[in-house]
file input21.pdb (PDB, C-alpha atoms and all ligand atoms)
MODEL        1
ATOM      1  CA  MET A  24      12.579  11.712 -26.913
ATOM      2  CA  LYS A  25      16.200  12.881 -26.682
ATOM      3  CA  LYS A  26      18.493  10.989 -29.047
ATOM      4  CA  ILE A  27      21.177   9.021 -27.205
ATOM      5  CA  PHE A  28      24.817   8.959 -28.348
ATOM      6  CA  ALA A  29      26.765   6.321 -26.453
ATOM      7  CA  ALA A  30      30.491   5.589 -26.694
ATOM      8  CA  ASN A  31      31.784   2.099 -25.981
ATOM      9  CA  TRP A  32      35.532   2.419 -25.583
ATOM     10  CA  LYS A  33      36.056  -1.323 -25.025
ATOM     11  CA  LEU A  34      39.663  -2.004 -23.903
ATOM     12  CA  PHE A  35      41.084   1.273 -25.189
ATOM     13  CA  LYS A  36      42.477   4.302 -23.332
ATOM     14  CA  THR A  37      44.326   4.665 -20.045
ATOM     15  CA  PRO A  38      43.248   7.087 -17.281
ATOM     16  CA  LYS A  39      45.724   9.665 -18.645
ATOM     17  CA  GLU A  40      44.312   9.348 -22.173
ATOM     18  CA  THR A  41      40.804   9.513 -20.737
ATOM     19  CA  GLN A  42      41.592  12.789 -19.023
ATOM     20  CA  GLN A  43      43.145  14.208 -22.197
ATOM     21  CA  PHE A  44      40.049  13.192 -24.170
ATOM     22  CA  PHE A  45      37.636  14.981 -21.832
ATOM     23  CA  ASN A  46      39.846  18.059 -21.482
ATOM     24  CA  GLU A  47      39.277  18.544 -25.206
ATOM     25  CA  TRP A  48      35.730  17.166 -25.425
ATOM     26  CA  ASN A  49      34.508  19.574 -22.720
ATOM     27  CA  LYS A  50      35.374  22.524 -24.952
ATOM     28  CA  LEU A  51      32.834  21.405 -27.557
ATOM     29  CA  ASN A  52      29.203  22.396 -27.760
ATOM     30  CA  PHE A  53      26.392  20.111 -28.856
ATOM     31  CA  PRO A  54      22.651  20.621 -29.222
ATOM     32  CA  LYS A  55      20.868  20.369 -25.858
ATOM     33  CA  ASP A  56      18.297  17.858 -27.100
ATOM     34  CA  ARG A  57      20.599  14.838 -26.834
ATOM     35  CA  THR A  58      22.058  12.563 -24.218
ATOM     36  CA  PHE A  59      25.733  11.556 -24.240
ATOM     37  CA  ILE A  60      26.865   8.434 -22.434
ATOM     38  CA  PHE A  61      30.469   7.208 -22.208
ATOM     39  CA  PHE A  62      31.434   3.638 -21.337
ATOM     40  CA  PRO A  63      35.192   3.827 -20.665
ATOM     41  CA  PRO A  64      37.142   0.806 -19.428
ATOM     42  CA  ALA A  65      36.285   0.200 -15.742
ATOM     43  CA  LEU A  66      39.727   1.354 -14.592
ATOM     44  CA  CYS A  67      39.151   4.725 -16.311
ATOM     45  CA  LEU A  68      35.599   5.309 -15.085
ATOM     46  CA  SER A  69      36.596   7.334 -12.048
ATOM     47  CA  THR A  70      38.941   9.560 -14.087
ATOM     48  CA  ALA A  71      36.276  10.025 -16.760
ATOM     49  CA  ILE A  72      33.640  11.113 -14.259
ATOM     50  CA  GLU A  73      36.070  13.473 -12.504
ATOM     51  CA  SER A  74      37.246  14.954 -15.819
ATOM     52  CA  ALA A  75      33.685  15.686 -16.910
ATOM     53  CA  LYS A  76      32.403  17.122 -13.625
ATOM     54  CA  GLY A  77      29.920  19.919 -14.140
ATOM     55  CA  THR A  78      29.076  18.814 -17.695
ATOM     56  CA  VAL A  79      25.957  17.063 -18.989
ATOM     57  CA  LEU A  80      27.892  13.899 -19.840
ATOM     58  CA  GLU A  81      26.689  10.627 -18.368
ATOM     59  CA  PHE A  82      28.710   7.487 -17.690
ATOM     60  CA  GLY A  83      28.402   3.757 -17.490
ATOM     61  CA  CYS A  84      30.407   0.604 -16.931
ATOM     62  CA  GLN A  85      30.962  -1.861 -19.797
ATOM     63  CA  ASN A  86      30.185  -4.891 -17.664
ATOM     64  CA  CYS A  87      29.341  -5.910 -14.105
ATOM     65  CA  ALA A  88      29.283  -9.043 -11.975
ATOM     66  CA  SER A  89      25.961 -10.838 -11.665
ATOM     67  CA  ASP A  90      26.245 -10.767  -7.868
ATOM     68  CA  LEU A  91      26.285  -7.734  -5.620
ATOM     69  CA  GLN A  92      29.513  -8.797  -3.914
ATOM     70  CA  GLY A  93      31.456 -11.950  -3.156
ATOM     71  CA  ALA A  94      34.510 -13.972  -4.041
ATOM     72  CA  LEU A  95      34.540 -12.940  -7.707
ATOM     73  CA  THR A  96      38.123 -11.996  -8.496
ATOM     74  CA  GLY A  97      38.457  -9.486 -11.303
ATOM     75  CA  GLU A  98      34.778  -8.550 -11.609
ATOM     76  CA  ASN A  99      33.175  -5.089 -11.559
ATOM     77  CA  SER A 100      30.797  -4.301  -8.724
ATOM     78  CA  VAL A 101      27.534  -2.468  -9.386
ATOM     79  CA  LEU A 102      27.870  -0.944  -5.918
ATOM     80  CA  ALA A 103      31.195   0.587  -6.975
ATOM     81  CA  VAL A 104      29.713   1.767 -10.297
ATOM     82  CA  LYS A 105      26.945   3.527  -8.389
ATOM     83  CA  ASP A 106      29.337   4.944  -5.814
ATOM     84  CA  LEU A 107      31.455   6.505  -8.583
ATOM     85  CA  GLY A 108      28.401   8.324  -9.898
ATOM     86  CA  ALA A 109      27.902   6.341 -13.087
ATOM     87  CA  LYS A 110      24.340   5.690 -14.192
ATOM     88  CA  TYR A 111      24.435   2.824 -16.708
ATOM     89  CA  VAL A 112      25.791  -0.675 -17.201
ATOM     90  CA  LEU A 113      26.237  -2.293 -20.599
ATOM     91  CA  VAL A 114      24.890  -5.840 -20.481
ATOM     92  CA  GLY A 115      25.050  -8.664 -23.004
ATOM     93  CA  HIS A 116      27.434  -7.047 -25.480
ATOM     94  CA  SER A 117      28.248  -9.567 -28.209
ATOM     95  CA  GLU A 118      31.912  -9.610 -27.170
ATOM     96  CA  ARG A 119      30.839 -10.694 -23.671
ATOM     97  CA  ARG A 120      28.526 -13.308 -25.164
ATOM     98  CA  THR A 121      31.113 -14.795 -27.530
ATOM     99  CA  LEU A 122      34.463 -14.234 -25.798
ATOM    100  CA  PHE A 123      33.248 -14.774 -22.238
ATOM    101  CA  SER A 124      30.415 -17.252 -22.948
ATOM    102  CA  GLU A 125      27.718 -15.135 -21.308
ATOM    103  CA  SER A 126      24.290 -16.726 -21.714
ATOM    104  CA  ASP A 127      20.905 -15.036 -21.876
ATOM    105  CA  ASP A 128      20.160 -16.314 -18.356
ATOM    106  CA  PHE A 129      23.347 -14.723 -17.050
ATOM    107  CA  VAL A 130      22.410 -11.495 -18.825
ATOM    108  CA  ALA A 131      18.969 -11.608 -17.150
ATOM    109  CA  LYS A 132      20.555 -11.903 -13.706
ATOM    110  CA  LYS A 133      22.777  -8.894 -14.364
ATOM    111  CA  ILE A 134      19.892  -6.772 -15.616
ATOM    112  CA  LYS A 135      17.924  -7.517 -12.468
ATOM    113  CA  LEU A 136      20.882  -6.584 -10.259
ATOM    114  CA  VAL A 137      21.622  -3.382 -12.171
ATOM    115  CA  GLN A 138      18.008  -2.233 -11.875
ATOM    116  CA  GLU A 139      17.838  -3.153  -8.188
ATOM    117  CA  GLN A 140      20.743  -0.764  -7.622
ATOM    118  CA  SER A 141      18.855   2.008  -9.432
ATOM    119  CA  LEU A 142      21.256   1.894 -12.366
ATOM    120  CA  ILE A 143      20.040   1.626 -15.959
ATOM    121  CA  PRO A 144      20.969  -1.465 -17.981
ATOM    122  CA  MET A 145      21.753  -1.060 -21.679
ATOM    123  CA  LEU A 146      21.008  -4.479 -23.138
ATOM    124  CA  CYS A 147      22.731  -5.403 -26.401
ATOM    125  CA  VAL A 148      21.071  -7.869 -28.749
ATOM    126  CA  GLY A 149      21.846  -8.930 -32.284
ATOM    127  CA  GLU A 150      22.217 -11.826 -34.677
ATOM    128  CA  THR A 151      25.308 -13.313 -36.308
ATOM    129  CA  TRP A 152      25.742 -13.325 -40.077
ATOM    130  CA  THR A 153      24.962 -17.043 -40.231
ATOM    131  CA  GLU A 154      21.740 -16.486 -38.301
ATOM    132  CA  ARG A 155      20.736 -13.634 -40.611
ATOM    133  CA  GLN A 156      21.524 -15.695 -43.696
ATOM    134  CA  ALA A 157      19.366 -18.509 -42.321
ATOM    135  CA  GLY A 158      16.439 -16.073 -41.867
ATOM    136  CA  ARG A 159      16.646 -16.423 -38.090
ATOM    137  CA  THR A 160      17.171 -12.756 -37.116
ATOM    138  CA  ASN A 161      13.760 -12.298 -35.488
ATOM    139  CA  GLU A 162      13.908 -15.607 -33.702
ATOM    140  CA  VAL A 163      17.328 -14.725 -32.240
ATOM    141  CA  LEU A 164      16.235 -11.246 -31.149
ATOM    142  CA  ARG A 165      13.078 -12.685 -29.588
ATOM    143  CA  LYS A 166      15.022 -15.230 -27.553
ATOM    144  CA  GLN A 167      17.610 -12.671 -26.399
ATOM    145  CA  LEU A 168      14.844 -10.296 -25.310
ATOM    146  CA  LEU A 169      12.490 -12.840 -23.737
ATOM    147  CA  ILE A 170      15.208 -14.432 -21.611
ATOM    148  CA  GLY A 171      17.467 -11.393 -21.175
ATOM    149  CA  LEU A 172      14.622  -9.264 -19.852
ATOM    150  CA  SER A 173      12.773 -12.057 -18.039
ATOM    151  CA  LEU A 174      13.765 -10.759 -14.588
ATOM    152  CA  ALA A 175      13.616  -7.052 -15.467
ATOM    153  CA  ASP A 176      11.329  -4.580 -13.732
ATOM    154  CA  LYS A 177       9.164  -3.065 -16.478
ATOM    155  CA  ILE A 178       8.516   0.061 -14.420
ATOM    156  CA  LYS A 179      12.227   0.848 -14.259
ATOM    157  CA  GLU A 180      14.228   2.125 -17.200
ATOM    158  CA  VAL A 181      16.059  -0.098 -19.639
ATOM    159  CA  ILE A 182      17.774   0.858 -22.902
ATOM    160  CA  LEU A 183      18.149  -1.533 -25.842
ATOM    161  CA  ALA A 184      20.970  -1.577 -28.364
ATOM    162  CA  TYR A 185      20.505  -3.501 -31.600
ATOM    163  CA  GLU A 186      24.009  -4.568 -32.610
ATOM    164  CA  PRO A 187      24.156  -7.109 -35.422
ATOM    165  CA  VAL A 188      27.281  -9.135 -34.616
ATOM    166  CA  TRP A 189      28.402  -9.072 -38.264
ATOM    167  CA  ALA A 190      28.487  -5.266 -38.218
ATOM    168  CA  ILE A 191      30.524  -4.816 -35.026
ATOM    169  CA  GLY A 192      34.059  -3.654 -35.716
ATOM    170  CA  THR A 193      33.884  -4.971 -39.263
ATOM    171  CA  GLY A 194      33.185  -1.790 -41.189
ATOM    172  CA  GLN A 195      30.174  -3.603 -42.635
ATOM    173  CA  VAL A 196      27.333  -1.382 -41.493
ATOM    174  CA  ALA A 197      23.759  -2.642 -41.611
ATOM    175  CA  GLN A 198      21.640  -1.014 -44.288
ATOM    176  CA  ALA A 199      18.899   1.396 -43.271
ATOM    177  CA  HIS A 200      16.105  -1.040 -44.172
ATOM    178  CA  GLN A 201      17.757  -3.852 -42.162
ATOM    179  CA  VAL A 202      18.093  -1.562 -39.143
ATOM    180  CA  GLU A 203      14.498  -0.371 -39.464
ATOM    181  CA  GLU A 204      13.175  -3.911 -39.715
ATOM    182  CA  ALA A 205      15.139  -5.121 -36.677
ATOM    183  CA  HIS A 206      14.228  -2.093 -34.558
ATOM    184  CA  LYS A 207      10.545  -2.512 -35.378
ATOM    185  CA  SER A 208      10.718  -6.154 -34.483
ATOM    186  CA  ILE A 209      12.432  -5.346 -31.156
ATOM    187  CA  LYS A 210       9.791  -2.686 -30.491
ATOM    188  CA  SER A 211       6.935  -5.115 -31.034
ATOM    189  CA  ILE A 212       8.531  -7.832 -28.859
ATOM    190  CA  LEU A 213       9.050  -5.267 -26.088
ATOM    191  CA  ALA A 214       5.396  -4.200 -26.388
ATOM    192  CA  GLU A 215       4.293  -7.825 -26.209
ATOM    193  CA  MET A 216       6.356  -8.197 -23.043
ATOM    194  CA  GLY A 217       4.745  -5.122 -21.487
ATOM    195  CA  PHE A 218       7.661  -2.675 -21.684
ATOM    196  CA  PRO A 219       6.832   1.003 -22.281
ATOM    197  CA  SER A 220       6.665   2.059 -25.929
ATOM    198  CA  GLU A 221       9.208   4.815 -25.261
ATOM    199  CA  THR A 222      11.963   2.309 -24.324
ATOM    200  CA  PRO A 223      14.915   3.618 -26.378
ATOM    201  CA  ILE A 224      16.472   1.380 -29.024
ATOM    202  CA  LEU A 225      19.961   2.360 -30.197
ATOM    203  CA  TYR A 226      21.751   1.047 -33.260
ATOM    204  CA  GLY A 227      25.366  -0.137 -33.001
ATOM    205  CA  GLY A 228      27.809  -1.678 -35.460
ATOM    206  CA  SER A 229      30.372   0.270 -37.503
ATOM    207  CA  VAL A 230      28.631   3.625 -36.999
ATOM    208  CA  LYS A 231      30.865   6.315 -38.526
ATOM    209  CA  PRO A 232      30.488  10.003 -39.358
ATOM    210  CA  GLU A 233      29.819   8.959 -42.973
ATOM    211  CA  ASN A 234      26.819   6.726 -42.233
ATOM    212  CA  SER A 235      25.430   8.349 -39.081
ATOM    213  CA  LYS A 236      23.439  10.986 -40.975
ATOM    214  CA  GLU A 237      21.347   8.403 -42.761
ATOM    215  CA  LEU A 238      21.026   5.981 -39.846
ATOM    216  CA  ILE A 239      19.809   8.598 -37.361
ATOM    217  CA  THR A 240      16.793   9.267 -39.591
ATOM    218  CA  VAL A 241      15.739   5.604 -39.675
ATOM    219  CA  PRO A 242      12.382   5.192 -37.925
ATOM    220  CA  ALA A 243      12.675   3.641 -34.443
ATOM    221  CA  VAL A 244      16.380   4.514 -34.155
ATOM    222  CA  ASP A 245      16.726   6.463 -30.915
ATOM    223  CA  GLY A 246      20.475   6.892 -31.073
ATOM    224  CA  PHE A 247      23.761   5.027 -31.461
ATOM    225  CA  LEU A 248      26.156   2.836 -29.529
ATOM    226  CA  VAL A 249      29.524   3.549 -31.099
ATOM    227  CA  GLY A 250      32.727   1.538 -30.661
ATOM    228  CA  GLY A 251      35.746   2.314 -32.842
ATOM    229  CA  ALA A 252      34.544   5.714 -34.045
ATOM    230  CA  SER A 253      34.017   6.937 -30.462
ATOM    231  CA  LEU A 254      37.712   6.770 -29.654
ATOM    232  CA  THR A 255      38.704  10.007 -31.334
ATOM    233  CA  ILE A 256      37.141  13.380 -30.710
ATOM    234  CA  GLU A 257      37.234  14.078 -34.426
ATOM    235  CA  SER A 258      34.957  11.204 -35.419
ATOM    236  CA  PHE A 259      32.712  10.946 -32.348
ATOM    237  CA  SER A 260      32.005  14.682 -32.282
ATOM    238  CA  LYS A 261      30.832  14.487 -35.898
ATOM    239  CA  ILE A 262      28.503  11.587 -35.061
ATOM    240  CA  CYS A 263      27.151  13.447 -32.012
ATOM    241  CA  ALA A 264      26.462  16.522 -34.104
ATOM    242  CA  VAL A 265      24.364  14.820 -36.809
TER     243      VAL A 265
HETATM  244  P1  LIG B 301      31.896  -0.622 -33.584
HETATM  245  O1  LIG B 301      31.437  -1.279 -32.177
HETATM  246  O2  LIG B 301      31.231   0.737 -33.643
HETATM  247  O3  LIG B 301      33.384  -0.533 -33.491
HETATM  248  O4  LIG B 301      31.399  -1.528 -34.635
HETATM  249  C1  LIG B 301      30.152  -1.138 -31.661
HETATM  250  C2  LIG B 301      30.041  -1.863 -30.347
HETATM  251  O5  LIG B 301      30.658  -2.937 -30.215
HETATM  252  O6  LIG B 301      29.339  -1.421 -29.428
ENDMDL
END
call {"tool": "encode", "arguments": {"input": "input21.pdb", "output": "structure tokens", "more": "lines below"}}
Ligand code: PGA
result
Amino acid sequence: MKKIFAANWKLFKTPKETQQFFNEWNKLNFPKDRTFIFFPPALCLSTAIESAKGTVLEFGCQNCASDLQGALTGENSVLAVKDLGAKYVLVGHSERRTLFSESDDFVAKKIKLVQEQSLIPMLCVGETWTERQAGRTNEVLRKQLLIGLSLADKIKEVILAYEPVWAIGTGQVAQAHQVEEAHKSIKSILAEMGFPSETPILYGGSVKPENSKELITVPAVDGFLVGGASLTIESFSKICAV
């Protein structure tokens, strides 16, 4: 399976900065056996796709509404995401769960909608530090997967991202054995639920050029979802070249 390197730009970069990034990024060469996905802010998605025309780069939206259309001021439409030529939607990122109170049921609704529009959801799951300390990591992952994927079509693609909340943007990266354990547990829950064994599981949380070499070799790690370190060409290109 091709390793996946995904960039989550969160609320960083303007369209102009997006264009500048890809003007430089497009000059680089990476091994052919990998997939690169960029999640720019929604207002930069169109510029990103235009700036990378003719390349192998793929794109996604960081969030979408749970309804196809309607009176939902400020939301992102999956129809628009599809129309722009993006392929993925990030669903259930911990920042959406904590800052915007998104529940597992809400996540499930979005995943269904994304798949119905022939887009691929990238579902983020992960425990907080308190949950890990209390020995509840597996229980939390199980609940997020069972409910989050309850309306998903198992025949259609879905990508998982294991992102321990305590490792996101904190510089505190999970250790290889913790990542391996969590990925294996996610794999077995997915199998129990009837999802294909080749469903990719990415790791996310303070991935940097310095730790990416070790983490990419961890069994059951199919790639990375990178936040902070994906914002500069210097650091993200090193991660993508591991
Ligand atoms: P980080 O973010 O790499 O900055 O920790 C990862 C993410 O939130 O997807």
call {"tool": "residues_near_ligand", "arguments": {"input": "input21.pdb", "ligand": "ligand LIG 301 (chain B)", "cutoff": "8 Å", "atoms": "only C-alpha atoms and all ligand atoms", "output": "list in words"}}
result
Ala30, Asn31, Lys33, His116, Ser117, Glu118, Glu186, Ala190, Ile191, Gly192, Thr193, Gly194, Val196, Gly227, Gly228, Ser229, Val230, Lys231, Leu248, Val249, Gly250, Gly251, Ala252 and Ser253 of chain A
call {"tool": "write_last_selection", "arguments": {"input": "input21.pdb", "atoms": "C-alpha atoms", "output": "tab-separated table (two decimals), in the frame of the given file"}}
result
chain	number	residue	atom	x	y	z
A	30	ALA	CA	30.49	5.59	-26.69
A	31	ASN	CA	31.78	2.10	-25.98
A	33	LYS	CA	36.06	-1.32	-25.02
A	116	HIS	CA	27.43	-7.05	-25.48
A	117	SER	CA	28.25	-9.57	-28.21
A	118	GLU	CA	31.91	-9.61	-27.17
A	186	GLU	CA	24.01	-4.57	-32.61
A	190	ALA	CA	28.49	-5.27	-38.22
A	191	ILE	CA	30.52	-4.82	-35.03
A	192	GLY	CA	34.06	-3.65	-35.72
A	193	THR	CA	33.88	-4.97	-39.26
A	194	GLY	CA	33.18	-1.79	-41.19
A	196	VAL	CA	27.33	-1.38	-41.49
A	227	GLY	CA	25.37	-0.14	-33.00
A	228	GLY	CA	27.81	-1.68	-35.46
A	229	SER	CA	30.37	0.27	-37.50
A	230	VAL	CA	28.63	3.62	-37.00
A	231	LYS	CA	30.86	6.32	-38.53
A	248	LEU	CA	26.16	2.84	-29.53
A	249	VAL	CA	29.52	3.55	-31.10
A	250	GLY	CA	32.73	1.54	-30.66
A	251	GLY	CA	35.75	2.31	-32.84
A	252	ALA	CA	34.54	5.71	-34.04
A	253	SER	CA	34.02	6.94	-30.46
call {"tool": "closest_atom_pairs", "arguments": {"input": "input21.pdb", "of": "stretch 45-122 of chain A", "to": "stretch 170-174 of chain A", "cutoff": "12 Å", "atoms": "all atoms listed in the file", "output": "Markdown table"}}
result
| residue | atom | partner | partner_atom | distance |
| --- | --- | --- | --- | --- |
| A:Val114 | CA | A:Gly171 | CA | 9.3 |
| A:Gly115 | CA | A:Gly171 | CA | 8.3 |
| A:His116 | CA | A:Gly171 | CA | 11.7 |
| A:Arg120 | CA | A:Gly171 | CA | 11.9 |
call {"tool": "closest_residue", "arguments": {"input": "input21.pdb", "among": "A:Lys236, A:Lys50, A:Lys26, A:Arg155", "to": "A:Lys261", "atoms": "all atoms listed in the file"}}
result
A:Lys236
call {"tool": "residues_around", "arguments": {"input": "input21.pdb", "residues": "A:Val241", "least_positions_apart": "5", "cutoff": "9 Å", "atoms": "all atoms listed in the file", "output": "PyMOL selection string"}}
result
chain A and resi 199-200+202-203
call {"tool": "write_last_selection", "arguments": {"input": "input21.pdb", "atoms": "C-alpha atoms", "output": "short mmCIF file (atom, residue, chain, number, x, y, z; two decimals), in the coordinates of the input"}}
result
data_model
loop_
_atom_site.label_atom_id
_atom_site.label_comp_id
_atom_site.auth_asym_id
_atom_site.auth_seq_id
_atom_site.Cartn_x
_atom_site.Cartn_y
_atom_site.Cartn_z
CA ALA A 199 18.90 1.40 -43.27
CA HIS A 200 16.10 -1.04 -44.17
CA VAL A 202 18.09 -1.56 -39.14
CA GLU A 203 14.50 -0.37 -39.46
#
call {"tool": "residues_around", "arguments": {"input": "input21.pdb", "residues": "A:Gly108", "least_positions_apart": "3", "cutoff": "10 Å", "atoms": "only C-alpha atoms", "output": "number ranges by chain"}}
result
A: 68-69, 72-73, 81-83, 103-105, 111, 142
call {"tool": "atom_distance", "arguments": {"input": "input21.pdb", "atom1": "atom CA of A:Val79", "atom2": "atom CA of A:Phe61"}}
result
11.3 Å
call {"tool": "atom_distance", "arguments": {"input": "input21.pdb", "atom1": "atom CA of A:Val130", "atom2": "atom CA of A:Glu154"}}
result
20.1 Å
call {"tool": "closest_residue", "arguments": {"input": "input21.pdb", "among": "A:Val137, A:Leu213, A:Ile143, A:Val181", "to": "A:Gln167", "atoms": "all atoms listed in the file"}}
result
A:Leu213
call {"tool": "residues_around", "arguments": {"input": "input21.pdb", "residues": "A:Trp189", "least_positions_apart": "2", "cutoff": "6 Å", "atoms": "only C-alpha atoms", "output": "VMD selection string"}}
result
chain A and resid 151 to 152 187 191
call {"tool": "resolve_selection", "arguments": {"input": "input21.pdb", "expression": "the PyMOL selection byres (((chain A and resi 64) around 8) and not hetatm)", "output": "ChimeraX atom specification"}}
result
/A:32-36,62-63,65-68,84-85
call {"tool": "closest_residue", "arguments": {"input": "input21.pdb", "among": "A:Ala109, A:Val163, A:Ile224, A:Leu122", "to": "A:Leu146", "atoms": "all atoms listed in the file"}}
result
A:Ile224
call {"tool": "resolve_selection", "arguments": {"input": "input21.pdb", "expression": "the PyMOL selection byres (((chain A and resi 212) around 12) and not hetatm)", "output": "PyMOL selection string"}}
result
chain A and resi 161-170+172+183+205-211+213-220+222
call {"tool": "closest_residue", "arguments": {"input": "input21.pdb", "among": "A:Asp245, A:Ser258, A:Leu51, A:Ser74", "to": "A:Met24", "atoms": "only C-alpha atoms"}}
result
A:Asp245
call {"tool": "closest_residue", "arguments": {"input": "input21.pdb", "among": "A:Ile256, A:Val265, A:Ile182, A:Val188", "to": "A:Thr240", "atoms": "only C-alpha atoms"}}
result
A:Val265
call {"tool": "resolve_selection", "arguments": {"input": "input21.pdb", "expression": "the PyMOL selection byres (((chain A and resi 25) around 12) and not hetatm)", "output": "list in words"}}
result
Met24, Lys26, Ile27, Phe28, Pro54, Lys55, Asp56, Arg57, Thr58, Phe59, Glu221, Thr222, Pro223, Ile224, Leu225, Val244, Asp245, Gly246 and Phe247 of chain A
call {"tool": "axis_aligned_box", "arguments": {"input": "input21.pdb", "around": "stretch 200-211 of chain A", "padding_each_side": "5 Å", "output": "AutoDock Vina command-line options"}}
result
--center_x 12.5 --center_y -3.3 --center_z -37.3 --size_x 21.2 --size_y 15.8 --size_z 23.7
call {"tool": "residues_near_point", "arguments": {"input": "input21.pdb", "point": "(28.9, -9.9, -15.0)", "cutoff": "8 Å", "atoms": "all atoms listed in the file", "output": "count of residues only"}}
result
11
call {"tool": "atom_distance", "arguments": {"input": "input21.pdb", "atom1": "atom CA of A:Leu238", "atom2": "atom CA of A:Ser260"}}
result
15.9 Å
call {"tool": "residues_near_point", "arguments": {"input": "input21.pdb", "point": "(40.1, 16.1, -17.1)", "cutoff": "8 Å", "atoms": "all atoms listed in the file", "output": "PyMOL selection string"}}
result
chain A and resi 41-46+70-71+73-75
call {"tool": "residues_around", "arguments": {"input": "input21.pdb", "residues": "A:Tyr185", "least_positions_apart": "2", "cutoff": "6 Å", "atoms": "all atoms listed in the file", "output": "PyMOL selection string"}}
result
chain A and resi 147-149+226
call {"tool": "write_last_selection", "arguments": {"input": "input21.pdb", "atoms": "C-alpha atoms", "output": "PDB file, in the coordinates of the input"}}
result
ATOM      1  CA  CYS A 147      22.731  -5.403 -26.401  1.00  0.00           C
ATOM      2  CA  VAL A 148      21.071  -7.869 -28.749  1.00  0.00           C
ATOM      3  CA  GLY A 149      21.846  -8.930 -32.284  1.00  0.00           C
ATOM      4  CA  TYR A 226      21.751   1.047 -33.260  1.00  0.00           C
TER       5      TYR A 226
END
call {"tool": "decode", "arguments": {"input": "input21.pdb", "residues": "stretch 125-137 of chain A", "atoms": "N, CA, C and O atoms", "output": "PDB file, in the first residue's frame"}}
result
ATOM      1  N   GLU A 125     -18.337  18.742  18.560  1.00  0.00           N
ATOM      2  CA  GLU A 125     -18.867  17.744  17.621  1.00  0.00           C
ATOM      3  C   GLU A 125     -18.890  16.355  18.268  1.00  0.00           C
ATOM      4  O   GLU A 125     -17.878  15.875  18.775  1.00  0.00           O
ATOM      5  N   SER A 126     -20.038  15.732  18.249  1.00  0.00           N
ATOM      6  CA  SER A 126     -20.205  14.419  18.887  1.00  0.00           C
ATOM      7  C   SER A 126     -19.919  13.300  17.881  1.00  0.00           C
ATOM      8  O   SER A 126     -19.847  13.539  16.668  1.00  0.00           O
ATOM      9  N   ASP A 127     -19.800  12.095  18.387  1.00  0.00           N
ATOM     10  CA  ASP A 127     -19.589  10.946  17.509  1.00  0.00           C
ATOM     11  C   ASP A 127     -20.772  10.761  16.550  1.00  0.00           C
ATOM     12  O   ASP A 127     -20.582  10.349  15.406  1.00  0.00           O
ATOM     13  N   ASP A 128     -21.978  11.053  17.013  1.00  0.00           N
ATOM     14  CA  ASP A 128     -23.157  10.913  16.149  1.00  0.00           C
ATOM     15  C   ASP A 128     -23.112  11.908  14.982  1.00  0.00           C
ATOM     16  O   ASP A 128     -23.481  11.594  13.861  1.00  0.00           O
ATOM     17  N   PHE A 129     -22.648  13.110  15.299  1.00  0.00           N
ATOM     18  CA  PHE A 129     -22.529  14.158  14.284  1.00  0.00           C
ATOM     19  C   PHE A 129     -21.464  13.752  13.255  1.00  0.00           C
ATOM     20  O   PHE A 129     -21.634  13.901  12.046  1.00  0.00           O
ATOM     21  N   VAL A 130     -20.378  13.200  13.777  1.00  0.00           N
ATOM     22  CA  VAL A 130     -19.288  12.701  12.932  1.00  0.00           C
ATOM     23  C   VAL A 130     -19.822  11.616  11.981  1.00  0.00           C
ATOM     24  O   VAL A 130     -19.526  11.597  10.787  1.00  0.00           O
ATOM     25  N   ALA A 131     -20.648  10.723  12.524  1.00  0.00           N
ATOM     26  CA  ALA A 131     -21.212   9.618  11.726  1.00  0.00           C
ATOM     27  C   ALA A 131     -22.031  10.153  10.557  1.00  0.00           C
ATOM     28  O   ALA A 131     -21.935   9.660   9.425  1.00  0.00           O
ATOM     29  N   LYS A 132     -22.817  11.192  10.839  1.00  0.00           N
ATOM     30  CA  LYS A 132     -23.673  11.793   9.809  1.00  0.00           C
ATOM     31  C   LYS A 132     -22.818  12.388   8.676  1.00  0.00           C
ATOM     32  O   LYS A 132     -23.129  12.259   7.497  1.00  0.00           O
ATOM     33  N   LYS A 133     -21.727  13.030   9.082  1.00  0.00           N
ATOM     34  CA  LYS A 133     -20.842  13.648   8.086  1.00  0.00           C
ATOM     35  C   LYS A 133     -20.164  12.584   7.225  1.00  0.00           C
ATOM     36  O   LYS A 133     -20.030  12.736   6.015  1.00  0.00           O
ATOM     37  N   ILE A 134     -19.738  11.506   7.875  1.00  0.00           N
ATOM     38  CA  ILE A 134     -19.051  10.447   7.118  1.00  0.00           C
ATOM     39  C   ILE A 134     -19.983   9.854   6.062  1.00  0.00           C
ATOM     40  O   ILE A 134     -19.585   9.622   4.923  1.00  0.00           O
ATOM     41  N   LYS A 135     -21.221   9.656   6.457  1.00  0.00           N
ATOM     42  CA  LYS A 135     -22.214   9.111   5.522  1.00  0.00           C
ATOM     43  C   LYS A 135     -22.362  10.055   4.314  1.00  0.00           C
ATOM     44  O   LYS A 135     -22.307   9.624   3.165  1.00  0.00           O
ATOM     45  N   LEU A 136     -22.517  11.338   4.608  1.00  0.00           N
ATOM     46  CA  LEU A 136     -22.721  12.334   3.557  1.00  0.00           C
ATOM     47  C   LEU A 136     -21.507  12.416   2.615  1.00  0.00           C
ATOM     48  O   LEU A 136     -21.647  12.471   1.397  1.00  0.00           O
ATOM     49  N   VAL A 137     -20.335  12.410   3.200  1.00  0.00           N
ATOM     50  CA  VAL A 137     -19.099  12.503   2.414  1.00  0.00           C
ATOM     51  C   VAL A 137     -19.008  11.308   1.459  1.00  0.00           C
ATOM     52  O   VAL A 137     -18.733  11.462   0.269  1.00  0.00           O
TER      53      VAL A 137
END
